[in-house]
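The file data-v8.cif comes next; it holds mmCIF, C-alpha atoms and all ligand atoms.
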```cif
data_model
#
loop_
_atom_site.group_PDB
_atom_site.id
_atom_site.type_symbol
_atom_site.label_atom_id
_atom_site.label_comp_id
_atom_site.auth_asym_id
_atom_site.auth_seq_id
_atom_site.Cartn_x
_atom_site.Cartn_y
_atom_site.Cartn_z
ATOM 1 C CA MET A 5 0.000 0.000 0.000
ATOM 2 C CA LYS A 6 1.287 3.497 -0.774
ATOM 3 C CA LYS A 7 2.269 5.601 2.207
ATOM 4 C CA ASN A 8 1.499 9.257 2.953
ATOM 5 C CA LEU A 9 2.606 11.759 5.555
ATOM 6 C CA ILE A 10 -0.476 13.812 6.360
ATOM 7 C CA SER A 11 -0.015 14.089 10.136
ATOM 8 C CA ILE A 12 2.660 13.018 12.619
ATOM 9 C CA SER A 13 -0.038 10.847 14.159
ATOM 10 C CA ASP A 14 0.321 8.604 11.059
ATOM 11 C CA LEU A 15 3.681 7.523 12.537
ATOM 12 C CA THR A 16 4.708 5.341 15.460
ATOM 13 C CA ARG A 17 7.552 6.136 17.857
ATOM 14 C CA HIS A 18 9.520 3.375 16.183
ATOM 15 C CA GLU A 19 9.000 4.920 12.719
ATOM 16 C CA ILE A 20 10.017 8.372 13.963
ATOM 17 C CA ASP A 21 13.176 6.902 15.513
ATOM 18 C CA ALA A 22 13.945 5.269 12.140
ATOM 19 C CA ILE A 23 13.445 8.605 10.319
ATOM 20 C CA PHE A 24 15.835 10.280 12.786
ATOM 21 C CA LEU A 25 18.471 7.571 12.302
ATOM 22 C CA LYS A 26 18.244 7.988 8.523
ATOM 23 C CA THR A 27 18.431 11.768 9.008
ATOM 24 C CA ASP A 28 21.683 11.373 10.980
ATOM 25 C CA GLU A 29 23.132 9.395 8.099
ATOM 26 C CA LEU A 30 22.006 11.935 5.486
ATOM 27 C CA LYS A 31 23.197 14.895 7.549
ATOM 28 C CA SER A 32 26.617 13.327 8.068
ATOM 29 C CA GLY A 33 27.172 13.732 4.315
ATOM 30 C CA SER A 34 26.762 10.094 3.278
ATOM 31 C CA LYS A 35 26.585 9.847 -0.527
ATOM 32 C CA LYS A 36 24.809 6.489 -0.319
ATOM 33 C CA PHE A 37 21.465 8.011 -1.300
ATOM 34 C CA SER A 38 22.553 10.476 -3.970
ATOM 35 C CA ARG A 39 20.756 8.478 -6.690
ATOM 36 C CA ALA A 40 17.935 7.121 -4.552
ATOM 37 C CA LEU A 41 15.294 9.169 -6.404
ATOM 38 C CA GLN A 42 16.879 8.910 -9.849
ATOM 39 C CA GLY A 43 14.168 8.849 -12.518
ATOM 40 C CA LYS A 44 11.531 10.034 -10.038
ATOM 41 C CA SER A 45 9.589 13.278 -10.283
ATOM 42 C CA LEU A 46 7.874 15.075 -7.436
ATOM 43 C CA GLY A 47 5.233 17.798 -7.726
ATOM 44 C CA LEU A 48 5.167 20.617 -5.188
ATOM 45 C CA ILE A 49 1.619 22.021 -5.074
ATOM 46 C CA PHE A 50 1.732 25.239 -3.045
ATOM 47 C CA GLN A 51 -1.377 27.349 -2.375
ATOM 48 C CA LYS A 52 0.544 29.559 0.071
ATOM 49 C CA PRO A 53 3.966 31.263 0.054
ATOM 50 C CA SER A 54 7.024 29.434 1.378
ATOM 51 C CA ASN A 55 10.749 29.851 1.849
ATOM 52 C CA ARG A 56 11.970 26.858 3.912
ATOM 53 C CA THR A 57 9.515 24.193 2.762
ATOM 54 C CA ARG A 58 9.790 24.879 -0.929
ATOM 55 C CA VAL A 59 13.549 25.393 -1.044
ATOM 56 C CA SER A 60 14.439 22.519 1.297
ATOM 57 C CA PHE A 61 12.229 20.116 -0.645
ATOM 58 C CA GLU A 62 13.570 21.216 -4.032
ATOM 59 C CA VAL A 63 17.181 21.021 -2.864
ATOM 60 C CA GLY A 64 16.576 17.736 -1.019
ATOM 61 C CA ILE A 65 15.014 16.182 -4.122
ATOM 62 C CA ALA A 66 17.995 17.298 -6.246
ATOM 63 C CA GLN A 67 20.438 15.901 -3.669
ATOM 64 C CA LEU A 68 18.678 12.520 -3.888
ATOM 65 C CA GLY A 69 18.850 12.561 -7.704
ATOM 66 C CA GLY A 70 15.145 13.302 -8.309
ATOM 67 C CA TYR A 71 13.333 16.037 -10.213
ATOM 68 C CA ALA A 72 11.056 18.655 -8.619
ATOM 69 C CA ILE A 73 8.248 20.562 -10.340
ATOM 70 C CA TYR A 74 6.970 23.586 -8.423
ATOM 71 C CA LEU A 75 3.249 24.210 -8.962
ATOM 72 C CA GLY A 76 2.338 27.560 -7.392
ATOM 73 C CA PRO A 77 -1.082 29.016 -6.606
ATOM 74 C CA ASP A 78 -1.684 30.086 -10.235
ATOM 75 C CA GLU A 79 -0.987 26.713 -11.817
ATOM 76 C CA ILE A 80 -3.064 23.850 -10.453
ATOM 77 C CA GLN A 81 -5.654 25.968 -8.587
ATOM 78 C CA LEU A 82 -6.792 23.018 -6.492
ATOM 79 C CA GLY A 83 -10.562 22.664 -6.515
ATOM 80 C CA VAL A 84 -11.026 25.810 -8.614
ATOM 81 C CA ARG A 85 -9.807 24.937 -12.094
ATOM 82 C CA GLU A 86 -10.711 21.309 -11.584
ATOM 83 C CA GLU A 87 -11.760 19.025 -8.767
ATOM 84 C CA ILE A 88 -9.102 17.814 -6.371
ATOM 85 C CA ARG A 89 -9.837 14.172 -7.177
ATOM 86 C CA ASP A 90 -9.190 14.868 -10.865
ATOM 87 C CA VAL A 91 -5.926 16.643 -10.052
ATOM 88 C CA ALA A 92 -4.894 13.690 -7.874
ATOM 89 C CA ARG A 93 -5.627 11.083 -10.522
ATOM 90 C CA THR A 94 -3.958 13.033 -13.332
ATOM 91 C CA LEU A 95 -0.801 13.824 -11.368
ATOM 92 C CA SER A 96 -0.552 10.195 -10.231
ATOM 93 C CA ARG A 97 -0.002 9.300 -13.922
ATOM 94 C CA TYR A 98 3.000 11.667 -14.234
ATOM 95 C CA LEU A 99 4.600 11.974 -10.824
ATOM 96 C CA ASP A 100 6.015 9.717 -8.115
ATOM 97 C CA CYS A 101 5.102 11.878 -5.109
ATOM 98 C CA ILE A 102 3.173 15.059 -4.259
ATOM 99 C CA VAL A 103 4.140 17.611 -1.609
ATOM 100 C CA ALA A 104 1.125 19.834 -0.909
ATOM 101 C CA ARG A 105 0.785 23.097 1.018
ATOM 102 C CA THR A 106 -2.893 23.951 1.274
ATOM 103 C CA PHE A 107 -5.265 26.202 3.151
ATOM 104 C CA SER A 108 -7.727 23.480 4.098
ATOM 105 C CA HIS A 109 -6.453 20.287 5.700
ATOM 106 C CA ASP A 110 -9.335 18.437 4.029
ATOM 107 C CA ASP A 111 -7.773 19.266 0.658
ATOM 108 C CA VAL A 112 -4.593 17.338 1.519
ATOM 109 C CA ILE A 113 -6.680 14.418 2.694
ATOM 110 C CA GLU A 114 -8.714 14.516 -0.517
ATOM 111 C CA LEU A 115 -5.529 14.640 -2.611
ATOM 112 C CA ALA A 116 -4.097 11.660 -0.751
ATOM 113 C CA ARG A 117 -7.340 9.693 -1.005
ATOM 114 C CA HIS A 118 -7.447 9.941 -4.787
ATOM 115 C CA SER A 119 -3.697 9.698 -5.525
ATOM 116 C CA SER A 120 -1.962 6.419 -6.176
ATOM 117 C CA ILE A 121 1.367 8.041 -5.195
ATOM 118 C CA PRO A 122 2.562 9.221 -1.745
ATOM 119 C CA VAL A 123 1.318 12.622 -0.578
ATOM 120 C CA ILE A 124 3.336 14.670 1.906
ATOM 121 C CA ASN A 125 1.648 17.503 3.808
ATOM 122 C CA GLY A 126 3.884 20.571 3.455
ATOM 123 C CA LEU A 127 1.603 22.569 5.841
ATOM 124 C CA SER A 128 -2.148 22.867 6.066
ATOM 125 C CA ASP A 129 -4.280 25.009 8.342
ATOM 126 C CA LEU A 130 -4.346 22.078 10.791
ATOM 127 C CA THR A 131 -0.878 20.511 10.834
ATOM 128 C CA HIS A 132 2.721 20.864 9.668
ATOM 129 C CA PRO A 133 4.232 17.396 10.121
ATOM 130 C CA CYS A 134 7.558 18.015 8.334
ATOM 131 C CA GLN A 135 8.099 20.931 10.708
ATOM 132 C CA GLY A 136 7.174 18.943 13.808
ATOM 133 C CA LEU A 137 9.516 16.096 12.900
ATOM 134 C CA SER A 138 12.381 18.524 12.177
ATOM 135 C CA ASP A 139 11.721 20.278 15.496
ATOM 136 C CA LEU A 140 11.941 17.073 17.504
ATOM 137 C CA TYR A 141 15.016 15.986 15.551
ATOM 138 C CA THR A 142 16.645 19.318 16.421
ATOM 139 C CA VAL A 143 15.871 18.941 20.136
ATOM 140 C CA LYS A 144 17.274 15.410 20.107
ATOM 141 C CA GLU A 145 20.379 16.553 18.242
ATOM 142 C CA LYS A 146 21.030 19.344 20.740
ATOM 143 C CA MET A 147 20.008 17.613 23.963
ATOM 144 C CA GLY A 148 20.751 13.958 23.161
ATOM 145 C CA ARG A 149 17.252 12.750 24.058
ATOM 146 C CA LEU A 150 13.559 13.678 24.071
ATOM 147 C CA LYS A 151 12.117 11.637 26.916
ATOM 148 C CA GLY A 152 12.243 13.424 30.234
ATOM 149 C CA LEU A 153 12.614 16.850 28.613
ATOM 150 C CA LYS A 154 10.033 19.612 28.749
ATOM 151 C CA ILE A 155 9.148 21.967 25.907
ATOM 152 C CA ALA A 156 7.115 25.115 26.529
ATOM 153 C CA TYR A 157 5.078 26.376 23.584
ATOM 154 C CA ILE A 158 3.981 29.983 23.970
ATOM 155 C CA GLY A 159 1.513 31.538 21.519
ATOM 156 C CA ASP A 160 -1.151 30.437 19.101
ATOM 157 C CA GLY A 161 -2.692 26.956 19.172
ATOM 158 C CA ASN A 162 -2.034 26.553 15.448
ATOM 159 C CA ASN A 163 -0.831 24.047 12.837
ATOM 160 C CA VAL A 164 2.771 24.151 14.069
ATOM 161 C CA LEU A 165 1.739 23.546 17.672
ATOM 162 C CA HIS A 166 -0.569 20.701 16.624
ATOM 163 C CA SER A 167 2.279 18.789 14.984
ATOM 164 C CA LEU A 168 4.692 19.531 17.826
ATOM 165 C CA LEU A 169 2.114 18.396 20.376
ATOM 166 C CA LEU A 170 1.380 15.152 18.530
ATOM 167 C CA GLY A 171 5.108 14.518 18.077
ATOM 168 C CA CYS A 172 5.816 15.068 21.783
ATOM 169 C CA SER A 173 2.929 12.849 22.800
ATOM 170 C CA ILE A 174 4.268 10.000 20.641
ATOM 171 C CA MET A 175 7.906 10.438 21.680
ATOM 172 C CA GLY A 176 7.299 10.921 25.411
ATOM 173 C CA MET A 177 8.464 14.542 25.669
ATOM 174 C CA ASP A 178 6.567 16.751 28.139
ATOM 175 C CA ILE A 179 4.858 19.787 26.646
ATOM 176 C CA SER A 180 3.467 22.787 28.451
ATOM 177 C CA ILE A 181 1.335 25.071 26.310
ATOM 178 C CA ALA A 182 0.412 28.673 27.106
ATOM 179 C CA THR A 183 -2.072 30.372 24.788
ATOM 180 C CA PRO A 184 -4.447 33.289 25.274
ATOM 181 C CA LYS A 185 -7.998 32.184 26.057
ATOM 182 C CA GLY A 186 -9.789 31.269 22.839
ATOM 183 C CA TYR A 187 -6.547 30.335 21.031
ATOM 184 C CA GLU A 188 -6.003 26.864 22.507
ATOM 185 C CA PRO A 189 -5.101 23.876 20.308
ATOM 186 C CA ARG A 190 -8.035 22.102 18.679
ATOM 187 C CA ARG A 191 -9.892 19.629 20.865
ATOM 188 C CA ASP A 192 -9.626 16.713 18.432
ATOM 189 C CA ILE A 193 -5.839 17.147 18.236
ATOM 190 C CA LEU A 194 -5.619 17.400 22.025
ATOM 191 C CA HIS A 195 -7.674 14.258 22.317
ATOM 192 C CA GLN A 196 -5.329 12.390 19.950
ATOM 193 C CA ALA A 197 -2.329 13.695 21.891
ATOM 194 C CA PHE A 198 -3.724 12.633 25.274
ATOM 195 C CA GLU A 199 -4.465 9.168 23.869
ATOM 196 C CA LYS A 200 -0.902 8.811 22.559
ATOM 197 C CA SER A 201 0.614 10.158 25.766
ATOM 198 C CA LYS A 202 -0.919 7.262 27.727
ATOM 199 C CA LYS A 203 1.558 4.968 26.015
ATOM 200 C CA SER A 204 4.584 7.286 25.903
ATOM 201 C CA GLY A 205 4.234 8.863 29.340
ATOM 202 C CA ALA A 206 4.377 12.428 27.947
ATOM 203 C CA ARG A 207 2.820 15.035 30.242
ATOM 204 C CA ILE A 208 0.658 17.615 28.472
ATOM 205 C CA THR A 209 -0.232 20.821 30.320
ATOM 206 C CA LEU A 210 -2.554 23.551 29.048
ATOM 207 C CA LEU A 211 -2.125 27.005 30.554
ATOM 208 C CA HIS A 212 -2.792 30.663 29.865
ATOM 209 C CA GLU A 213 0.268 32.051 31.684
ATOM 210 C CA PRO A 214 3.575 31.996 29.743
ATOM 211 C CA GLU A 215 5.648 32.251 32.952
ATOM 212 C CA ARG A 216 4.130 29.104 34.398
ATOM 213 C CA ALA A 217 4.621 27.229 31.113
ATOM 214 C CA VAL A 218 8.339 28.029 30.777
ATOM 215 C CA LYS A 219 9.241 27.101 34.363
ATOM 216 C CA ASP A 220 11.930 24.363 34.310
ATOM 217 C CA SER A 221 11.581 23.969 30.536
ATOM 218 C CA HIS A 222 14.468 22.769 28.383
ATOM 219 C CA VAL A 223 13.015 24.382 25.251
ATOM 220 C CA ILE A 224 10.850 27.434 24.573
ATOM 221 C CA TYR A 225 9.043 27.402 21.229
ATOM 222 C CA THR A 226 6.913 30.002 19.515
ATOM 223 C CA ASP A 227 5.349 30.720 16.134
ATOM 224 C CA VAL A 228 3.647 33.705 14.519
ATOM 225 C CA TRP A 229 0.413 34.961 16.057
ATOM 226 C CA THR A 230 -1.221 35.415 12.659
ATOM 227 C CA SER A 231 -0.815 32.470 10.316
ATOM 228 C CA MET A 232 -1.141 32.504 6.549
ATOM 229 C CA GLY A 233 -4.818 32.896 5.683
ATOM 230 C CA GLN A 234 -5.646 34.773 8.920
ATOM 231 C CA GLU A 235 -4.389 38.185 7.827
ATOM 232 C CA LYS A 236 -7.774 39.851 8.401
ATOM 233 C CA GLU A 237 -7.574 38.921 12.113
ATOM 234 C CA ARG A 238 -4.157 40.512 12.581
ATOM 235 C CA ASN A 239 -5.210 43.520 14.688
ATOM 236 C CA LYS A 240 -7.464 41.448 16.911
ATOM 237 C CA ARG A 241 -4.707 38.911 17.405
ATOM 238 C CA LEU A 242 -2.070 41.539 18.213
ATOM 239 C CA LYS A 243 -4.259 42.595 21.133
ATOM 240 C CA ALA A 244 -5.135 39.053 22.244
ATOM 241 C CA PHE A 245 -1.497 37.906 22.310
ATOM 242 C CA LYS A 246 -0.159 40.841 24.319
ATOM 243 C CA GLY A 247 1.966 39.344 27.113
ATOM 244 C CA PHE A 248 2.811 36.226 25.086
ATOM 245 C CA GLN A 249 6.061 37.537 23.574
ATOM 246 C CA ILE A 250 9.284 35.569 24.116
ATOM 247 C CA ASP A 251 11.598 38.190 25.583
ATOM 248 C CA LEU A 252 14.703 38.000 27.773
ATOM 249 C CA ARG A 253 12.611 38.272 30.925
ATOM 250 C CA LEU A 254 10.564 35.202 29.988
ATOM 251 C CA VAL A 255 13.657 33.267 28.888
ATOM 252 C CA SER A 256 15.234 33.937 32.311
ATOM 253 C CA LYS A 257 12.392 31.952 33.925
ATOM 254 C CA ALA A 258 13.278 28.766 32.022
ATOM 255 C CA ARG A 259 16.339 26.569 32.578
ATOM 256 C CA ARG A 260 19.636 28.353 32.112
ATOM 257 C CA ASP A 261 20.587 26.103 29.177
ATOM 258 C CA CYS A 262 17.177 26.225 27.444
ATOM 259 C CA LEU A 263 16.877 26.264 23.661
ATOM 260 C CA ILE A 264 14.822 28.878 21.829
ATOM 261 C CA MET A 265 13.012 27.545 18.795
ATOM 262 C CA HIS A 266 10.797 29.079 16.120
ATOM 263 C CA CYS A 267 9.646 27.435 12.891
ATOM 264 C CA LEU A 268 10.137 30.749 11.018
ATOM 265 C CA PRO A 269 9.195 33.075 9.414
ATOM 266 C CA ALA A 270 9.493 35.187 12.573
ATOM 267 C CA HIS A 271 7.819 38.496 13.222
ATOM 268 C CA ARG A 272 10.457 40.125 15.422
ATOM 269 C CA GLY A 273 8.921 42.466 17.940
ATOM 270 C CA GLU A 274 5.678 40.450 17.979
ATOM 271 C CA GLU A 275 5.954 36.839 19.188
ATOM 272 C CA ILE A 276 9.718 37.073 19.784
ATOM 273 C CA THR A 277 12.199 39.879 20.382
ATOM 274 C CA ASP A 278 15.228 40.536 18.223
ATOM 275 C CA GLU A 279 17.510 39.942 21.227
ATOM 276 C CA VAL A 280 16.080 36.494 21.886
ATOM 277 C CA ILE A 281 16.121 35.227 18.313
ATOM 278 C CA GLU A 282 19.706 36.491 17.925
ATOM 279 C CA GLY A 283 20.681 35.428 21.440
ATOM 280 C CA ARG A 284 22.797 32.554 22.738
ATOM 281 C CA HIS A 285 19.854 30.206 23.351
ATOM 282 C CA SER A 286 18.489 30.434 19.808
ATOM 283 C CA VAL A 287 18.846 27.387 17.529
ATOM 284 C CA VAL A 288 16.464 28.595 14.828
ATOM 285 C CA TRP A 289 18.931 28.356 11.936
ATOM 286 C CA ASP A 290 19.937 24.788 12.794
ATOM 287 C CA GLN A 291 16.232 24.038 13.147
ATOM 288 C CA ALA A 292 15.607 25.459 9.653
ATOM 289 C CA GLU A 293 18.551 23.502 8.224
ATOM 290 C CA ASN A 294 17.192 20.274 9.667
ATOM 291 C CA ARG A 295 14.070 20.612 7.514
ATOM 292 C CA LEU A 296 16.293 19.618 4.584
ATOM 293 C CA HIS A 297 17.791 16.520 6.207
ATOM 294 C CA VAL A 298 14.595 15.267 7.852
ATOM 295 C CA GLN A 299 12.513 15.697 4.679
ATOM 296 C CA LYS A 300 15.092 13.714 2.688
ATOM 297 C CA ALA A 301 14.643 10.900 5.216
ATOM 298 C CA ILE A 302 10.848 11.200 4.885
ATOM 299 C CA MET A 303 11.017 10.969 1.071
ATOM 300 C CA LEU A 304 13.232 7.885 1.306
ATOM 301 C CA LYS A 305 10.781 6.283 3.724
ATOM 302 C CA LEU A 306 7.766 6.937 1.497
ATOM 303 C CA MET A 307 9.285 6.458 -1.951
ATOM 304 C CA VAL A 308 12.144 3.952 -1.874
HETATM 305 N N1 LIG A 401 8.684 26.912 8.585
HETATM 306 C C1 LIG A 401 8.192 26.907 7.341
HETATM 307 O O1 LIG A 401 7.432 26.025 6.936
HETATM 308 O O2 LIG A 401 8.628 27.935 6.577
HETATM 309 P P1 LIG A 401 8.041 28.347 5.143
HETATM 310 O O3 LIG A 401 6.644 28.813 5.346
HETATM 311 O O4 LIG A 401 8.970 29.446 4.678
HETATM 312 O O5 LIG A 401 8.093 27.161 4.248
HETATM 313 N N1 LIG A 402 1.632 28.963 11.573
HETATM 314 C C1 LIG A 402 2.344 29.491 10.435
HETATM 315 C C2 LIG A 402 3.498 28.604 10.104
HETATM 316 C C3 LIG A 402 4.341 29.035 8.956
HETATM 317 C C4 LIG A 402 5.440 28.089 8.660
HETATM 318 C C5 LIG A 402 1.398 29.603 9.263
HETATM 319 O O1 LIG A 402 0.600 28.692 9.035
HETATM 320 O O2 LIG A 402 1.442 30.625 8.568
#
```
Rewrite the coordinates I just gave you, this time as structure tokens.
Amino acid sequence: MKKNLISISDLTRHEIDAIFLKTDELKSGSKKFSRALQGKSLGLIFQKPSNRTRVSFEVGIAQLGGYAIYLGPDEIQLGVREEIRDVARTLSRYLDCIVARTFSHDDVIELARHSSIPVINGLSDLTHPCQGLSDLYTVKEKMGRLKGLKIAYIGDGNNVLHSLLLGCSIMGMDISIATPKGYEPRRDILHQAFEKSKKSGARITLLHEPERAVKDSHVIYTDVWTSMGQEKERNKRLKAFKGFQIDLRLVSKARRDCLIMHCLPAHRGEEITDEVIEGRHSVVWDQAENRLHVQKAIMLKLMV
């Protein structure tokens, strides 16, 4: 059966460990896989802008010997120019894999349902699994383990948090989440995470006070307050998220050796200060780099 990556919850702890082991090998510069995707073509359907996801996938595909075709918002026009199921069936006749960045999560599911080739979610309004896997890989790389560590997520209960939360709940990493009231993670995602945490032992805490969330944390993570597609809510959100900025004062409440993470793009002066993102705790550039290595491991898992 063909495999997809729509959500981290599609994966077991064992499978994530295997992806991380393969990532280590790829990141160490091994040339073993430089022809692994030879003769294979991948389509990148993007309804939204992207720097990291698009570039790291295109470069990763080239490094594995494959061919990438970028299909921006004006080309395919998912569900507008033709139905998603027709897009899926047509592209399955040309391509070997689809990476899709959509507004609606249902669109990625629909694409996957009607494709006979693997579909990778490159961010939807609900989840961002490639990001979540790269984030956990980065923590493991820096700290040597995930179990027994605590990550504090401060900000919006959005797609990036959903994948991080699911990843932590599978891998047994504690996560403490502080959002303004009304911006909590979605209940169905929380439910999935609590179910998975029963097996892994991960502790999940939901709060509304950033200071309580960061106490004793090994990692502080944030993301933008206004995600792509929510631009009309920007002013309302700026008010709602007041007090949720990662600044030096908040960082001083965490462990002295804590890591600062952000999926990027960052809005300096909003969810994070310039000093913190440029400061000694910040690992955001390594985190961004790891998108490349982790996604190569994901493509090998799904396609080879
Ligand atoms: N973090 C991330 O997915 O970045 P892009 O939106 O630039 O791809
Ligand atoms: N939550 C952000 C993540 C960008 C990578 C968004 O969806 O715009």
Skipping near chain neighbours, those fewer than 3 positions away, what residues fall within 12 Å of range 21-24 of chain A using all atoms listed in the file, listed as a tab-separated table (two decimals) with C-alpha atoms, in the coordinates of the input?
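Wrote around26.tsv, looks like this:
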```
chain	number	residue	atom	x	y	z
A	12	ILE	CA	2.66	13.02	12.62
A	15	LEU	CA	3.68	7.52	12.54
A	16	THR	CA	4.71	5.34	15.46
A	17	ARG	CA	7.55	6.14	17.86
A	18	HIS	CA	9.52	3.38	16.18
A	27	THR	CA	18.43	11.77	9.01
A	28	ASP	CA	21.68	11.37	10.98
A	29	GLU	CA	23.13	9.40	8.10
A	30	LEU	CA	22.01	11.94	5.49
A	31	LYS	CA	23.20	14.90	7.55
A	134	CYS	CA	7.56	18.02	8.33
A	137	LEU	CA	9.52	16.10	12.90
A	138	SER	CA	12.38	18.52	12.18
A	139	ASP	CA	11.72	20.28	15.50
A	140	LEU	CA	11.94	17.07	17.50
A	141	TYR	CA	15.02	15.99	15.55
A	142	THR	CA	16.64	19.32	16.42
A	143	VAL	CA	15.87	18.94	20.14
A	144	LYS	CA	17.27	15.41	20.11
A	145	GLU	CA	20.38	16.55	18.24
A	149	ARG	CA	17.25	12.75	24.06
A	150	LEU	CA	13.56	13.68	24.07
A	171	GLY	CA	5.11	14.52	18.08
A	174	ILE	CA	4.27	10.00	20.64
A	175	MET	CA	7.91	10.44	21.68
A	294	ASN	CA	17.19	20.27	9.67
A	295	ARG	CA	14.07	20.61	7.51
A	297	HIS	CA	17.79	16.52	6.21
A	298	VAL	CA	14.60	15.27	7.85
A	299	GLN	CA	12.51	15.70	4.68
A	300	LYS	CA	15.09	13.71	2.69
A	301	ALA	CA	14.64	10.90	5.22
A	302	ILE	CA	10.85	11.20	4.88
A	303	MET	CA	11.02	10.97	1.07
A	304	LEU	CA	13.23	7.88	1.31
A	305	LYS	CA	10.78	6.28	3.72
A	306	LEU	CA	7.77	6.94	1.50
```
Check your understanding: So which residues touch Ala270 in chain A within 10 Å, counting all atoms listed in the file, skipping near sequence neighbours fewer than 3 positions away, as number ranges by chain?
Key -> A: 226-229, 266-267, 273-278, 281, 288
Review point. Would you name the residues within 7 Å of ligand LIG 402 (chain A), counting all atoms listed in the file, and put them as a list in words?
Key: Leu127, Asp129, Asn162, Asn163, Val164, Asp227, Val228, Thr230, Ser231, Met232, Cys267, Leu268 and Pro269 of chain A
**Study point:** Exercise: range 112-114 of chain A partners within 7 Å, only C-alpha atoms, chain neighbours under 6 positions left out, as a list of chain:residue names
**Key:** A:Ile88, A:Arg89, A:Ala104, A:Thr106, A:Asn125
Please define a box with edges along x, y and z of the file around all atoms of ligand LIG 401 (chain A) given in the file, extend it by 4 Å on each side, and return its centre and edge lengths in Å to one decimal, as lines of an AutoDock Vina configuration file.
```
center_x = 7.8
center_y = 27.7
center_z = 6.4
size_x = 10.3
size_y = 11.4
size_z = 12.3
```
**Study point:** Protein and nucleic acid residues within 8 Å of ligand LIG 401 (chain A) (all atoms listed in the file) as a VMD selection string
**Key:** chain A and resid 53 to 59 126 to 127 132 135 267 to 269 292
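Distances from A:Leu165, A:Ile158, A:Val63, A:Ile179 to Pro133 in chain A were compared using only C-alpha atoms, and the smallest one belongs to A:Leu165.
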I need the output of the PyMOL selection byres (((chain A and resi 100) around 8) and not hetatm) for this file as a PDB file with C-alpha atoms, in the coordinates of the input; which residues are they?
```pdb
ATOM      1  CA  LYS A  44      11.531  10.034 -10.038  1.00  0.00           C
ATOM      2  CA  SER A  45       9.589  13.278 -10.283  1.00  0.00           C
ATOM      3  CA  LEU A  46       7.874  15.075  -7.436  1.00  0.00           C
ATOM      4  CA  SER A  96      -0.552  10.195 -10.231  1.00  0.00           C
ATOM      5  CA  TYR A  98       3.000  11.667 -14.234  1.00  0.00           C
ATOM      6  CA  LEU A  99       4.600  11.974 -10.824  1.00  0.00           C
ATOM      7  CA  CYS A 101       5.102  11.878  -5.109  1.00  0.00           C
ATOM      8  CA  ILE A 102       3.173  15.059  -4.259  1.00  0.00           C
ATOM      9  CA  ILE A 121       1.367   8.041  -5.195  1.00  0.00           C
ATOM     10  CA  PRO A 122       2.562   9.221  -1.745  1.00  0.00           C
ATOM     11  CA  MET A 307       9.285   6.458  -1.951  1.00  0.00           C
TER      12      MET A 307
END
```
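Distances here use only C-alpha atoms; by that measure, the residue among A:Leu130, A:Leu95, A:Ala40, A:Ala156 closest to Asp111 in chain A is A:Leu130.
CA of Gly161 in chain A is found 20.1 Å from CA of Leu263 in chain A.
Nearest residue to Leu211 in chain A, choosing from A:Gly148, A:Gly136, A:Pro189, A:Gly233 and counting all atoms listed in the file: A:Pro189.
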Point to revise | Selection near range 74-79 of chain A, 8 Å with all atoms listed in the file, sequence-local residues under 2 positions removed, as a PyMOL selection string | key: chain A and resi 47-52+72+81
Point to revise | Contacts of range 255-257 of chain A at 9 Å (all atoms listed in the file; same-chain gap of 4+ positions) as a list in words | key: Glu215, Arg216, Val218, Lys219, Asp220, Ser221, Ile224, Ile250, Asp251, Cys262, Ile264, Val280 and His285 of chain A
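Computed from the coordinates, the CA of Glu213 in chain A to CA of Tyr225 in chain A distance equals 14.4 Å.
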Check your understanding: For the file shown, what are the residues hit by the PyMOL selection byres (((chain A and resi 124) around 6) and not hetatm), laid out as a PyMOL selection string?
Key -> chain A and resi 8-10+103+123+125
Residue subset to file, keeping C-alpha atoms, as an mmCIF file, in the coordinates of the input:
```cif
data_model
loop_
_atom_site.group_PDB
_atom_site.id
_atom_site.type_symbol
_atom_site.label_atom_id
_atom_site.label_comp_id
_atom_site.auth_asym_id
_atom_site.auth_seq_id
_atom_site.Cartn_x
_atom_site.Cartn_y
_atom_site.Cartn_z
ATOM 1 C CA ASN A 8 1.499 9.257 2.953
ATOM 2 C CA LEU A 9 2.606 11.759 5.555
ATOM 3 C CA ILE A 10 -0.476 13.812 6.360
ATOM 4 C CA VAL A 103 4.140 17.611 -1.609
ATOM 5 C CA VAL A 123 1.318 12.622 -0.578
ATOM 6 C CA ASN A 125 1.648 17.503 3.808
#
```
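Closest approach to Ile65 in chain A among A:Lys26, A:Glu235, A:Met177, A:Leu296: A:Leu296, based on all atoms listed in the file.
In this model, the gap between CA of Ser108 in chain A and CA of Ser11 in chain A comes to 13.6 Å.
Restricting the calculation to only C-alpha atoms, the smallest distance between Ile20 in chain A and any of A:Leu41, A:Leu170, A:Ile80, A:Ile155 is found for A:Leu170.
Of the listed residues (A:Gly159, A:Gly176, A:Gly205, A:Gly83), A:Gly159 comes nearest to Ala217 in chain A; the distances count only C-alpha atoms.
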